[in-house]
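Next up, entry_17.pdb (PDB, C-alpha atoms, pLDDT in the B column):
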MODEL        1
ATOM      1  CA  MET K   4     -28.339  45.623  -2.534  1.00 25.00           C
ATOM      2  CA  LYS K   5     -29.122  42.028  -1.753  1.00 25.00           C
ATOM      3  CA  TYR K   6     -26.959  39.235  -3.127  1.00 25.00           C
ATOM      4  CA  LEU K   7     -28.550  35.831  -2.843  1.00 27.00           C
ATOM      5  CA  LEU K   8     -26.960  32.551  -3.739  1.00 35.00           C
ATOM      6  CA  ARG K   9     -28.475  29.127  -3.963  1.00 39.00           C
ATOM      7  CA  PHE K  10     -26.405  25.960  -4.084  1.00 41.00           C
ATOM      8  CA  CYS K  11     -27.478  22.390  -4.683  1.00 42.00           C
ATOM      9  CA  LEU K  12     -25.412  20.092  -2.501  1.00 41.00           C
ATOM     10  CA  LEU K  13     -24.762  16.521  -3.402  1.00 36.00           C
ATOM     11  CA  ILE K  14     -22.490  13.645  -2.391  1.00 33.00           C
ATOM     12  CA  VAL K  15     -20.707  14.116   0.899  1.00 37.00           C
ATOM     13  CA  CYS K  16     -18.201  11.457   1.790  1.00 39.00           C
ATOM     14  CA  ILE K  17     -15.655  11.078   4.536  1.00 44.00           C
ATOM     15  CA  LYS K  18     -13.040   8.391   4.150  1.00 47.00           C
ATOM     16  CA  GLY K  19     -10.647   6.922   6.671  1.00 45.00           C
ATOM     17  CA  HIS K  20      -8.213   4.084   6.064  1.00 52.00           C
ATOM     18  CA  ALA K  21     -11.104   1.702   5.356  1.00 57.00           C
ATOM     19  CA  GLN K  22     -12.684   4.061   2.797  1.00 72.00           C
ATOM     20  CA  ILE K  23     -15.949   4.115   4.740  1.00 85.00           C
ATOM     21  CA  ASN K  24     -18.465   6.886   4.183  1.00 90.00           C
ATOM     22  CA  LEU K  25     -19.515   8.187   7.599  1.00 93.00           C
ATOM     23  CA  VAL K  26     -22.269  10.443   6.213  1.00 94.00           C
ATOM     24  CA  PRO K  27     -25.760   8.890   6.150  1.00 94.00           C
ATOM     25  CA  ASN K  28     -27.878   9.217   3.011  1.00 94.00           C
ATOM     26  CA  PRO K  29     -25.111  11.204   1.274  1.00 91.00           C
ATOM     27  CA  SER K  30     -26.999  11.794  -1.990  1.00 91.00           C
ATOM     28  CA  PHE K  31     -30.359  12.479  -0.279  1.00 93.00           C
ATOM     29  CA  GLU K  32     -32.020   9.591  -2.122  1.00 90.00           C
ATOM     30  CA  ASP K  33     -33.611   7.951   0.929  1.00 93.00           C
ATOM     31  CA  THR K  34     -36.836   9.829   1.647  1.00 94.00           C
ATOM     32  CA  ILE K  35     -39.199   9.727   4.597  1.00 94.00           C
ATOM     33  CA  SER K  36     -41.817  11.051   2.215  1.00 92.00           C
ATOM     34  CA  CYS K  37     -41.803  13.009  -1.016  1.00 91.00           C
ATOM     35  CA  PRO K  38     -41.177  16.760  -0.512  1.00 91.00           C
ATOM     36  CA  ASN K  39     -44.083  18.863  -1.745  1.00 88.00           C
ATOM     37  CA  SER K  40     -43.037  22.394  -0.725  1.00 89.00           C
ATOM     38  CA  GLY K  41     -40.020  24.381   0.398  1.00 89.00           C
ATOM     39  CA  GLY K  42     -38.113  23.946   3.643  1.00 92.00           C
ATOM     40  CA  GLN K  43     -38.625  20.184   3.930  1.00 94.00           C
ATOM     41  CA  VAL K  44     -35.053  19.027   4.533  1.00 95.00           C
ATOM     42  CA  TRP K  45     -36.336  16.622   7.186  1.00 96.00           C
ATOM     43  CA  LYS K  46     -37.991  14.531   4.466  1.00 96.00           C
ATOM     44  CA  ALA K  47     -34.540  13.330   3.432  1.00 96.00           C
ATOM     45  CA  LYS K  48     -33.796  10.590   5.955  1.00 96.00           C
ATOM     46  CA  TYR K  49     -31.181  11.543   8.590  1.00 96.00           C
ATOM     47  CA  TRP K  50     -30.968  15.209   7.500  1.00 96.00           C
ATOM     48  CA  GLN K  51     -32.184  18.293   9.343  1.00 95.00           C
ATOM     49  CA  THR K  52     -32.352  22.062   9.060  1.00 95.00           C
ATOM     50  CA  VAL K  53     -29.535  23.759  10.943  1.00 94.00           C
ATOM     51  CA  SER K  54     -30.361  27.314   9.928  1.00 93.00           C
ATOM     52  CA  TYR K  55     -33.332  29.094   8.349  1.00 93.00           C
ATOM     53  CA  SER K  56     -35.106  27.289   5.509  1.00 92.00           C
ATOM     54  CA  PRO K  57     -33.025  25.224   3.060  1.00 94.00           C
ATOM     55  CA  ASP K  58     -34.922  23.153   0.510  1.00 94.00           C
ATOM     56  CA  TYR K  59     -35.108  19.533  -0.593  1.00 94.00           C
ATOM     57  CA  PHE K  60     -35.590  18.794  -4.303  1.00 93.00           C
ATOM     58  CA  HIS K  61     -36.602  15.353  -5.575  1.00 94.00           C
ATOM     59  CA  VAL K  62     -37.900  13.841  -8.810  1.00 93.00           C
ATOM     60  CA  CYS K  63     -40.897  12.426  -6.938  1.00 92.00           C
ATOM     61  CA  ASN K  64     -42.272  15.914  -6.215  1.00 85.00           C
ATOM     62  CA  PRO K  65     -45.332  16.422  -8.475  1.00 80.00           C
ATOM     63  CA  PHE K  66     -45.069  20.211  -8.153  1.00 77.00           C
ATOM     64  CA  TRP K  67     -42.491  21.756 -10.488  1.00 78.00           C
ATOM     65  CA  ASN K  68     -41.272  24.445  -8.067  1.00 84.00           C
ATOM     66  CA  TYR K  69     -39.449  21.915  -5.839  1.00 88.00           C
ATOM     67  CA  SER K  70     -38.972  19.126  -8.316  1.00 90.00           C
ATOM     68  CA  VAL K  71     -36.043  17.900 -10.422  1.00 92.00           C
ATOM     69  CA  PRO K  72     -34.750  18.901 -12.917  1.00 92.00           C
ATOM     70  CA  TYR K  73     -37.067  21.920 -13.303  1.00 89.00           C
ATOM     71  CA  ASN K  74     -37.787  24.042 -10.222  1.00 89.00           C
ATOM     72  CA  THR K  75     -38.293  27.620  -9.150  1.00 85.00           C
ATOM     73  CA  PHE K  76     -34.531  28.218  -9.077  1.00 86.00           C
ATOM     74  CA  GLY K  77     -33.807  26.989 -12.594  1.00 85.00           C
ATOM     75  CA  PHE K  78     -32.924  23.713 -14.282  1.00 88.00           C
ATOM     76  CA  GLN K  79     -30.443  21.113 -13.066  1.00 90.00           C
ATOM     77  CA  TRP K  80     -30.173  17.343 -13.062  1.00 92.00           C
ATOM     78  CA  PRO K  81     -28.607  15.781  -9.964  1.00 92.00           C
ATOM     79  CA  ASN K  82     -24.974  14.776 -10.288  1.00 90.00           C
ATOM     80  CA  THR K  83     -26.218  11.244  -9.535  1.00 87.00           C
ATOM     81  CA  GLY K  84     -29.578   9.852  -8.506  1.00 90.00           C
ATOM     82  CA  GLU K  85     -32.807  11.797  -8.213  1.00 93.00           C
ATOM     83  CA  ALA K  86     -32.359  14.438  -5.497  1.00 94.00           C
ATOM     84  CA  TYR K  87     -30.354  17.372  -4.174  1.00 94.00           C
ATOM     85  CA  MET K  88     -30.518  20.039  -1.473  1.00 95.00           C
ATOM     86  CA  GLY K  89     -30.594  23.785  -2.041  1.00 93.00           C
ATOM     87  CA  LEU K  90     -29.573  26.687   0.206  1.00 92.00           C
ATOM     88  CA  TRP K  91     -28.885  30.401   0.280  1.00 91.00           C
ATOM     89  CA  SER K  92     -25.310  31.046   1.345  1.00 91.00           C
ATOM     90  CA  TYR K  93     -25.078  34.846   1.230  1.00 90.00           C
ATOM     91  CA  SER K  94     -27.277  37.917   1.622  1.00 86.00           C
ATOM     92  CA  ALA K  95     -26.036  41.509   1.576  1.00 82.00           C
ATOM     93  CA  SER K  96     -29.136  42.942   3.246  1.00 82.00           C
ATOM     94  CA  SER K  97     -29.337  40.213   5.915  1.00 84.00           C
ATOM     95  CA  PRO K  98     -25.698  39.582   6.863  1.00 86.00           C
ATOM     96  CA  TYR K  99     -26.470  36.717   9.250  1.00 87.00           C
ATOM     97  CA  TYR K 100     -28.814  34.891   6.911  1.00 90.00           C
ATOM     98  CA  ARG K 101     -27.377  31.481   6.092  1.00 92.00           C
ATOM     99  CA  GLU K 102     -29.307  28.358   5.110  1.00 94.00           C
ATOM    100  CA  ILE K 103     -27.477  25.322   6.467  1.00 94.00           C
ATOM    101  CA  ILE K 104     -28.229  21.601   6.548  1.00 95.00           C
ATOM    102  CA  GLY K 105     -26.796  18.989   8.879  1.00 95.00           C
ATOM    103  CA  SER K 106     -26.749  15.385   9.987  1.00 96.00           C
ATOM    104  CA  GLU K 107     -25.276  13.101  12.627  1.00 96.00           C
ATOM    105  CA  LEU K 108     -22.379  10.946  11.446  1.00 96.00           C
ATOM    106  CA  TYR K 109     -22.578   7.180  11.597  1.00 94.00           C
ATOM    107  CA  SER K 110     -19.758   7.276  14.132  1.00 94.00           C
ATOM    108  CA  SER K 111     -17.684   9.991  15.779  1.00 96.00           C
ATOM    109  CA  LEU K 112     -14.359  10.954  14.257  1.00 95.00           C
ATOM    110  CA  ILE K 113     -11.201   9.623  15.880  1.00 94.00           C
ATOM    111  CA  ILE K 114      -8.879  12.286  17.294  1.00 95.00           C
ATOM    112  CA  GLY K 115      -5.604  12.329  15.364  1.00 95.00           C
ATOM    113  CA  GLN K 116      -7.079  10.503  12.346  1.00 93.00           C
ATOM    114  CA  LYS K 117      -6.924  12.104   8.898  1.00 92.00           C
ATOM    115  CA  TYR K 118     -10.223  12.383   7.032  1.00 93.00           C
ATOM    116  CA  PHE K 119     -10.958  13.204   3.400  1.00 92.00           C
ATOM    117  CA  VAL K 120     -14.056  15.196   2.450  1.00 93.00           C
ATOM    118  CA  ASN K 121     -15.699  15.665  -0.934  1.00 92.00           C
ATOM    119  CA  PHE K 122     -19.018  17.153  -2.011  1.00 93.00           C
ATOM    120  CA  LYS K 123     -20.411  18.678  -5.187  1.00 93.00           C
ATOM    121  CA  ALA K 124     -22.124  22.022  -5.631  1.00 93.00           C
ATOM    122  CA  ASN K 125     -23.877  23.852  -8.434  1.00 91.00           C
ATOM    123  CA  LEU K 126     -24.995  27.460  -8.637  1.00 91.00           C
ATOM    124  CA  ALA K 127     -28.730  27.766  -9.245  1.00 86.00           C
ATOM    125  CA  PHE K 128     -28.932  30.906 -11.375  1.00 76.00           C
ATOM    126  CA  ASN K 129     -32.353  32.480 -11.848  1.00 73.00           C
ATOM    127  CA  SER K 130     -32.426  36.271 -11.586  1.00 68.00           C
ATOM    128  CA  ASN K 131     -36.235  36.246 -11.406  1.00 69.00           C
ATOM    129  CA  ALA K 132     -35.984  34.210  -8.198  1.00 66.00           C
ATOM    130  CA  GLY K 133     -33.282  36.437  -6.743  1.00 67.00           C
ATOM    131  CA  THR K 134     -30.453  33.976  -7.351  1.00 73.00           C
ATOM    132  CA  ASN K 135     -28.247  36.393  -9.248  1.00 76.00           C
ATOM    133  CA  ALA K 136     -24.941  36.408  -7.351  1.00 84.00           C
ATOM    134  CA  ALA K 137     -22.248  33.895  -6.508  1.00 90.00           C
ATOM    135  CA  CYS K 138     -19.908  33.627  -3.541  1.00 92.00           C
ATOM    136  CA  ASN K 139     -17.113  31.559  -2.056  1.00 95.00           C
ATOM    137  CA  ARG K 140     -16.759  29.935   1.391  1.00 95.00           C
ATOM    138  CA  LEU K 141     -19.300  27.154   0.860  1.00 95.00           C
ATOM    139  CA  GLY K 142     -18.043  24.365   3.055  1.00 95.00           C
ATOM    140  CA  VAL K 143     -18.364  21.641   5.654  1.00 95.00           C
ATOM    141  CA  LEU K 144     -18.266  22.090   9.423  1.00 95.00           C
ATOM    142  CA  PHE K 145     -17.716  19.176  11.789  1.00 96.00           C
ATOM    143  CA  SER K 146     -18.772  19.707  15.386  1.00 95.00           C
ATOM    144  CA  THR K 147     -19.368  17.974  18.694  1.00 95.00           C
ATOM    145  CA  ILE K 148     -22.573  20.030  18.984  1.00 92.00           C
ATOM    146  CA  ASN K 149     -25.769  19.224  17.116  1.00 93.00           C
ATOM    147  CA  TYR K 150     -26.611  22.667  15.757  1.00 89.00           C
ATOM    148  CA  LEU K 151     -30.333  22.850  15.085  1.00 85.00           C
ATOM    149  CA  ASN K 152     -32.750  25.597  14.046  1.00 79.00           C
ATOM    150  CA  ASN K 153     -30.538  28.707  14.048  1.00 77.00           C
ATOM    151  CA  THR K 154     -28.281  27.743  16.958  1.00 78.00           C
ATOM    152  CA  PHE K 155     -25.038  27.853  14.944  1.00 75.00           C
ATOM    153  CA  PRO K 156     -22.592  30.749  15.314  1.00 74.00           C
ATOM    154  CA  ILE K 157     -20.795  32.606  12.515  1.00 81.00           C
ATOM    155  CA  LEU K 158     -17.387  31.070  13.108  1.00 86.00           C
ATOM    156  CA  ASN K 159     -15.396  32.521  10.195  1.00 93.00           C
ATOM    157  CA  GLY K 160     -14.001  29.066   9.711  1.00 91.00           C
ATOM    158  CA  CYS K 161     -14.746  25.409   9.098  1.00 95.00           C
ATOM    159  CA  GLN K 162     -12.685  22.359   8.228  1.00 96.00           C
ATOM    160  CA  ILE K 163     -13.298  22.314   4.453  1.00 96.00           C
ATOM    161  CA  TYR K 164     -14.473  25.194   2.247  1.00 95.00           C
ATOM    162  CA  SER K 165     -14.083  26.733  -1.200  1.00 96.00           C
ATOM    163  CA  ASP K 166     -11.762  29.719  -1.597  1.00 95.00           C
ATOM    164  CA  SER K 167     -12.995  30.190  -5.153  1.00 95.00           C
ATOM    165  CA  ILE K 168     -16.246  31.929  -6.017  1.00 94.00           C
ATOM    166  CA  LEU K 169     -18.560  29.205  -7.326  1.00 93.00           C
ATOM    167  CA  LYS K 170     -20.050  30.654 -10.513  1.00 91.00           C
ATOM    168  CA  ASP K 171     -20.771  27.500 -12.539  1.00 91.00           C
ATOM    169  CA  SER K 172     -24.513  27.085 -13.064  1.00 88.00           C
ATOM    170  CA  LEU K 173     -24.102  24.307 -15.657  1.00 90.00           C
ATOM    171  CA  ASN K 174     -21.700  21.784 -14.128  1.00 93.00           C
ATOM    172  CA  TRP K 175     -21.379  20.250 -10.681  1.00 93.00           C
ATOM    173  CA  VAL K 176     -18.172  21.454  -9.028  1.00 93.00           C
ATOM    174  CA  SER K 177     -16.259  19.293  -6.571  1.00 93.00           C
ATOM    175  CA  ILE K 178     -15.204  20.853  -3.258  1.00 94.00           C
ATOM    176  CA  HIS K 179     -12.766  18.679  -1.408  1.00 93.00           C
ATOM    177  CA  GLY K 180      -9.962  18.571   1.113  1.00 94.00           C
ATOM    178  CA  SER K 181      -8.629  16.754   4.137  1.00 94.00           C
ATOM    179  CA  PHE K 182      -8.050  17.482   7.812  1.00 95.00           C
ATOM    180  CA  ILE K 183      -6.889  15.779  10.993  1.00 94.00           C
ATOM    181  CA  ALA K 184      -9.633  15.524  13.613  1.00 95.00           C
ATOM    182  CA  ASP K 185      -8.771  17.415  16.800  1.00 96.00           C
ATOM    183  CA  SER K 186     -12.025  16.409  18.508  1.00 97.00           C
ATOM    184  CA  ALA K 187     -14.435  13.483  18.449  1.00 97.00           C
ATOM    185  CA  TYR K 188     -16.756  15.256  16.023  1.00 97.00           C
ATOM    186  CA  ALA K 189     -20.142  13.568  15.718  1.00 96.00           C
ATOM    187  CA  PHE K 190     -22.068  16.027  13.515  1.00 96.00           C
ATOM    188  CA  ILE K 191     -21.690  17.505  10.036  1.00 95.00           C
ATOM    189  CA  SER K 192     -23.161  20.762   8.705  1.00 95.00           C
ATOM    190  CA  LEU K 193     -22.994  22.239   5.184  1.00 94.00           C
ATOM    191  CA  GLY K 194     -23.235  25.892   4.228  1.00 94.00           C
ATOM    192  CA  ASN K 195     -21.336  29.175   4.529  1.00 95.00           C
ATOM    193  CA  PHE K 196     -19.943  29.655   8.043  1.00 95.00           C
ATOM    194  CA  PHE K 197     -18.189  32.950   7.309  1.00 95.00           C
ATOM    195  CA  SER K 198     -19.416  36.520   7.841  1.00 94.00           C
ATOM    196  CA  ASN K 199     -20.225  38.765   4.895  1.00 92.00           C
ATOM    197  CA  ALA K 200     -16.983  40.665   5.494  1.00 93.00           C
ATOM    198  CA  ASN K 201     -15.083  37.394   5.041  1.00 95.00           C
ATOM    199  CA  THR K 202     -17.043  36.228   1.983  1.00 94.00           C
ATOM    200  CA  ASP K 203     -16.254  37.285  -1.585  1.00 93.00           C
ATOM    201  CA  THR K 204     -19.085  37.708  -4.087  1.00 90.00           C
ATOM    202  CA  PHE K 205     -19.620  38.149  -7.807  1.00 87.00           C
ATOM    203  CA  HIS K 206     -22.778  39.745  -9.206  1.00 82.00           C
ATOM    204  CA  LEU K 207     -23.935  37.835 -12.283  1.00 78.00           C
ATOM    205  CA  VAL K 208     -26.431  40.398 -13.577  1.00 74.00           C
ATOM    206  CA  ASN K 209     -27.090  44.107 -13.147  1.00 71.00           C
ATOM    207  CA  SER K 210     -29.798  44.116 -10.533  1.00 61.00           C
ATOM    208  CA  ASN K 211     -30.678  45.632  -7.182  1.00 53.00           C
ATOM    209  CA  THR K 212     -31.870  42.284  -5.807  1.00 51.00           C
TER     210      THR K 212
ENDMDL
END
Structure encoded using structure tokens:
Amino acid sequence: MKYLLRFCLLIVCIKGHAQINLVPNPSFEDTISCPNSGGQVWKAKYWQTVSYSPDYFHVCNPFWNYSVPYNTFGFQWPNTGEAYMGLWSYSASSPYYREIIGSELYSSLIIGQKYFVNFKANLAFNSNAGTNAACNRLGVLFSTINYLNNTFPILNGCQIYSDSILKDSLNWVSIHGSFIADSAYAFISLGNFFSNANTDTFHLVNSNT
């Protein structure tokens, strides 16, 4: 049985004492060019694919399957603006399959400094497209390494993640927290960094996919 989950990620912000957002293009509005098919994360300025084939959705896309608000994974307006990212965060049949996006921060984190993190997620529910299960553990990983194209390890941990299973396909849900930097982290990645054994799931429909 294969459980697949697709999240639309929006608004990532890190705030120090000066309330400065260290994440470039946090709502994915700034495009290099309009995405016209799947797997084109790189068309959102400063963002890259860390693992497998996450997708970039934007109003400017003339093809409905990767457009906004209608696309192959359902219907959803962005929380703000005109764009969002989408990724699979769990698969029962492929336990190491994780779609993850990442970017380089504007500046490295300061060791010993406390940082606040917030991003919004929404479950794209479309059983015909295989998006018929939900999971927890969606989160943010800060690293000194620029993970790129399937180089990331399953760490069973990251600085900020959701303990709750994210089942809301209507509303954007805020995932947030804080941590004290123990390294001069320069890169951010978003996805599920936990193994299947350490991820809880909820099947939304009776299906073998």
Can you pull out every residue within 12 Å of Asp166 in chain K, counting only C-alpha atoms, but drop anything in the same chain fewer than 2 positions away, and send it as a PDB file with C-alpha atoms, in the frame of the given file?
ATOM      1  CA  CYS K 138     -19.908  33.627  -3.541  1.00 92.00           C
ATOM      2  CA  ASN K 139     -17.113  31.559  -2.056  1.00 95.00           C
ATOM      3  CA  ARG K 140     -16.759  29.935   1.391  1.00 95.00           C
ATOM      4  CA  LEU K 141     -19.300  27.154   0.860  1.00 95.00           C
ATOM      5  CA  GLY K 142     -18.043  24.365   3.055  1.00 95.00           C
ATOM      6  CA  GLY K 160     -14.001  29.066   9.711  1.00 91.00           C
ATOM      7  CA  CYS K 161     -14.746  25.409   9.098  1.00 95.00           C
ATOM      8  CA  ILE K 163     -13.298  22.314   4.453  1.00 96.00           C
ATOM      9  CA  TYR K 164     -14.473  25.194   2.247  1.00 95.00           C
ATOM     10  CA  ILE K 168     -16.246  31.929  -6.017  1.00 94.00           C
ATOM     11  CA  LEU K 169     -18.560  29.205  -7.326  1.00 93.00           C
ATOM     12  CA  ILE K 178     -15.204  20.853  -3.258  1.00 94.00           C
ATOM     13  CA  HIS K 179     -12.766  18.679  -1.408  1.00 93.00           C
ATOM     14  CA  GLY K 180      -9.962  18.571   1.113  1.00 94.00           C
ATOM     15  CA  ASN K 195     -21.336  29.175   4.529  1.00 95.00           C
ATOM     16  CA  PHE K 197     -18.189  32.950   7.309  1.00 95.00           C
ATOM     17  CA  ASN K 201     -15.083  37.394   5.041  1.00 95.00           C
ATOM     18  CA  THR K 202     -17.043  36.228   1.983  1.00 94.00           C
ATOM     19  CA  ASP K 203     -16.254  37.285  -1.585  1.00 93.00           C
ATOM     20  CA  THR K 204     -19.085  37.708  -4.087  1.00 90.00           C
TER      21      THR K 204
END
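The result of the PyMOL selection byres ((chain K and resi 185) around 6) on the shown file is Ile114, Ala184 and Ser186 of chain K.
In terms of minimum interatomic distance to Pro38 in chain K, K:Ser70 ranks closest within K:Asn209, K:Ser70, K:Gln51, K:Thr83, counting all atoms listed in the file.
Between His61 in chain K and the residues K:Ser181, K:Thr34, K:Ser96, K:Asn82, the shortest atom-to-atom distance, using all atoms listed in the file, involves K:Thr34.
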Problem set entry | Point-to-point distance from CA of Ser146 in chain K to CA of Gly84 in chain K, Å rounded to tenths | 28.0 Å
Exercise. From the list K:Ser111, K:Asn153, K:Ser167, K:Gln22, which residue is nearest Thr52 in chain K when using all atoms listed in the file?
Worked result: K:Asn153
For this session: Might you spell out which residues the PyMOL selection byres ((chain K and resi 170) around 12) would select in the displayed file, as a PyMOL selection string?
Result: chain K and resi 8-10+124-128+134-139+141+165+167-169+171-176+203-207
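Distances here use only C-alpha atoms; by that measure, the residue among K:Leu90, K:Leu193, K:Val62, K:Leu108 closest to Asn28 in chain K is K:Leu108.
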For this session: For Tyr99 in chain K, list every protein, DNA or RNA residue within 12 Å, evaluated using only C-alpha atoms, and leave out those in the same chain fewer than 5 positions away; present the list as number ranges by chain.
Result: K: 54-55, 91-94, 153-159, 195-200, 202
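You can rank K:Trp50, K:Phe182, K:Tyr73, K:Phe60 by their closest distance to Tyr87 in chain K using all atoms listed in the file, and at the top of that list sits K:Phe60.
The space between CA of Tyr100 in chain K and CA of Ile191 in chain K spans 19.0 Å.
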Seminar exercise, completed: From the list K:Asn68, K:Gln79, K:Ser177, K:Asn149, the nearest residue to Glu107 in chain K using all atoms listed in the file is K:Asn149
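A straight line drawn from CA of Val44 in chain K to CA of Phe78 in chain K is 19.5 Å long.
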Could you list, as a compact mmCIF listing (two decimals) with C-alpha atoms, in the frame of the given file, every residue matched by the PyMOL selection byres ((chain K and resi 57) around 6) in this structure?
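Heads up, here's the output in out_31.txt:
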# COMPACT_ATOMS: atom_id res chain seq x y z
CA GLY K 42 -38.11 23.95 3.64
CA SER K 56 -35.11 27.29 5.51
CA ASP K 58 -34.92 23.15 0.51
CA GLY K 89 -30.59 23.78 -2.04
CA LEU K 90 -29.57 26.69 0.21
CA GLU K 102 -29.31 28.36 5.11
Exercise. If I put a ball of radius 6 Å at (-16.5, 13.3, 17.0) in the file's coordinates, which residues poke into it when counting all atoms listed in the file, written as a PyMOL selection string?
Worked result: chain K and resi 111-112+147+186-189
Using C-alpha atoms, can you export the residues from the last selection as a PDB file, in the frame of the given file?
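Below is the file that was written, result_39.pdb:
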ATOM      1  CA  SER K 111     -17.684   9.991  15.779  1.00 96.00           C
ATOM      2  CA  LEU K 112     -14.359  10.954  14.257  1.00 95.00           C
ATOM      3  CA  THR K 147     -19.368  17.974  18.694  1.00 95.00           C
ATOM      4  CA  SER K 186     -12.025  16.409  18.508  1.00 97.00           C
ATOM      5  CA  ALA K 187     -14.435  13.483  18.449  1.00 97.00           C
ATOM      6  CA  TYR K 188     -16.756  15.256  16.023  1.00 97.00           C
ATOM      7  CA  ALA K 189     -20.142  13.568  15.718  1.00 96.00           C
TER       8      ALA K 189
END
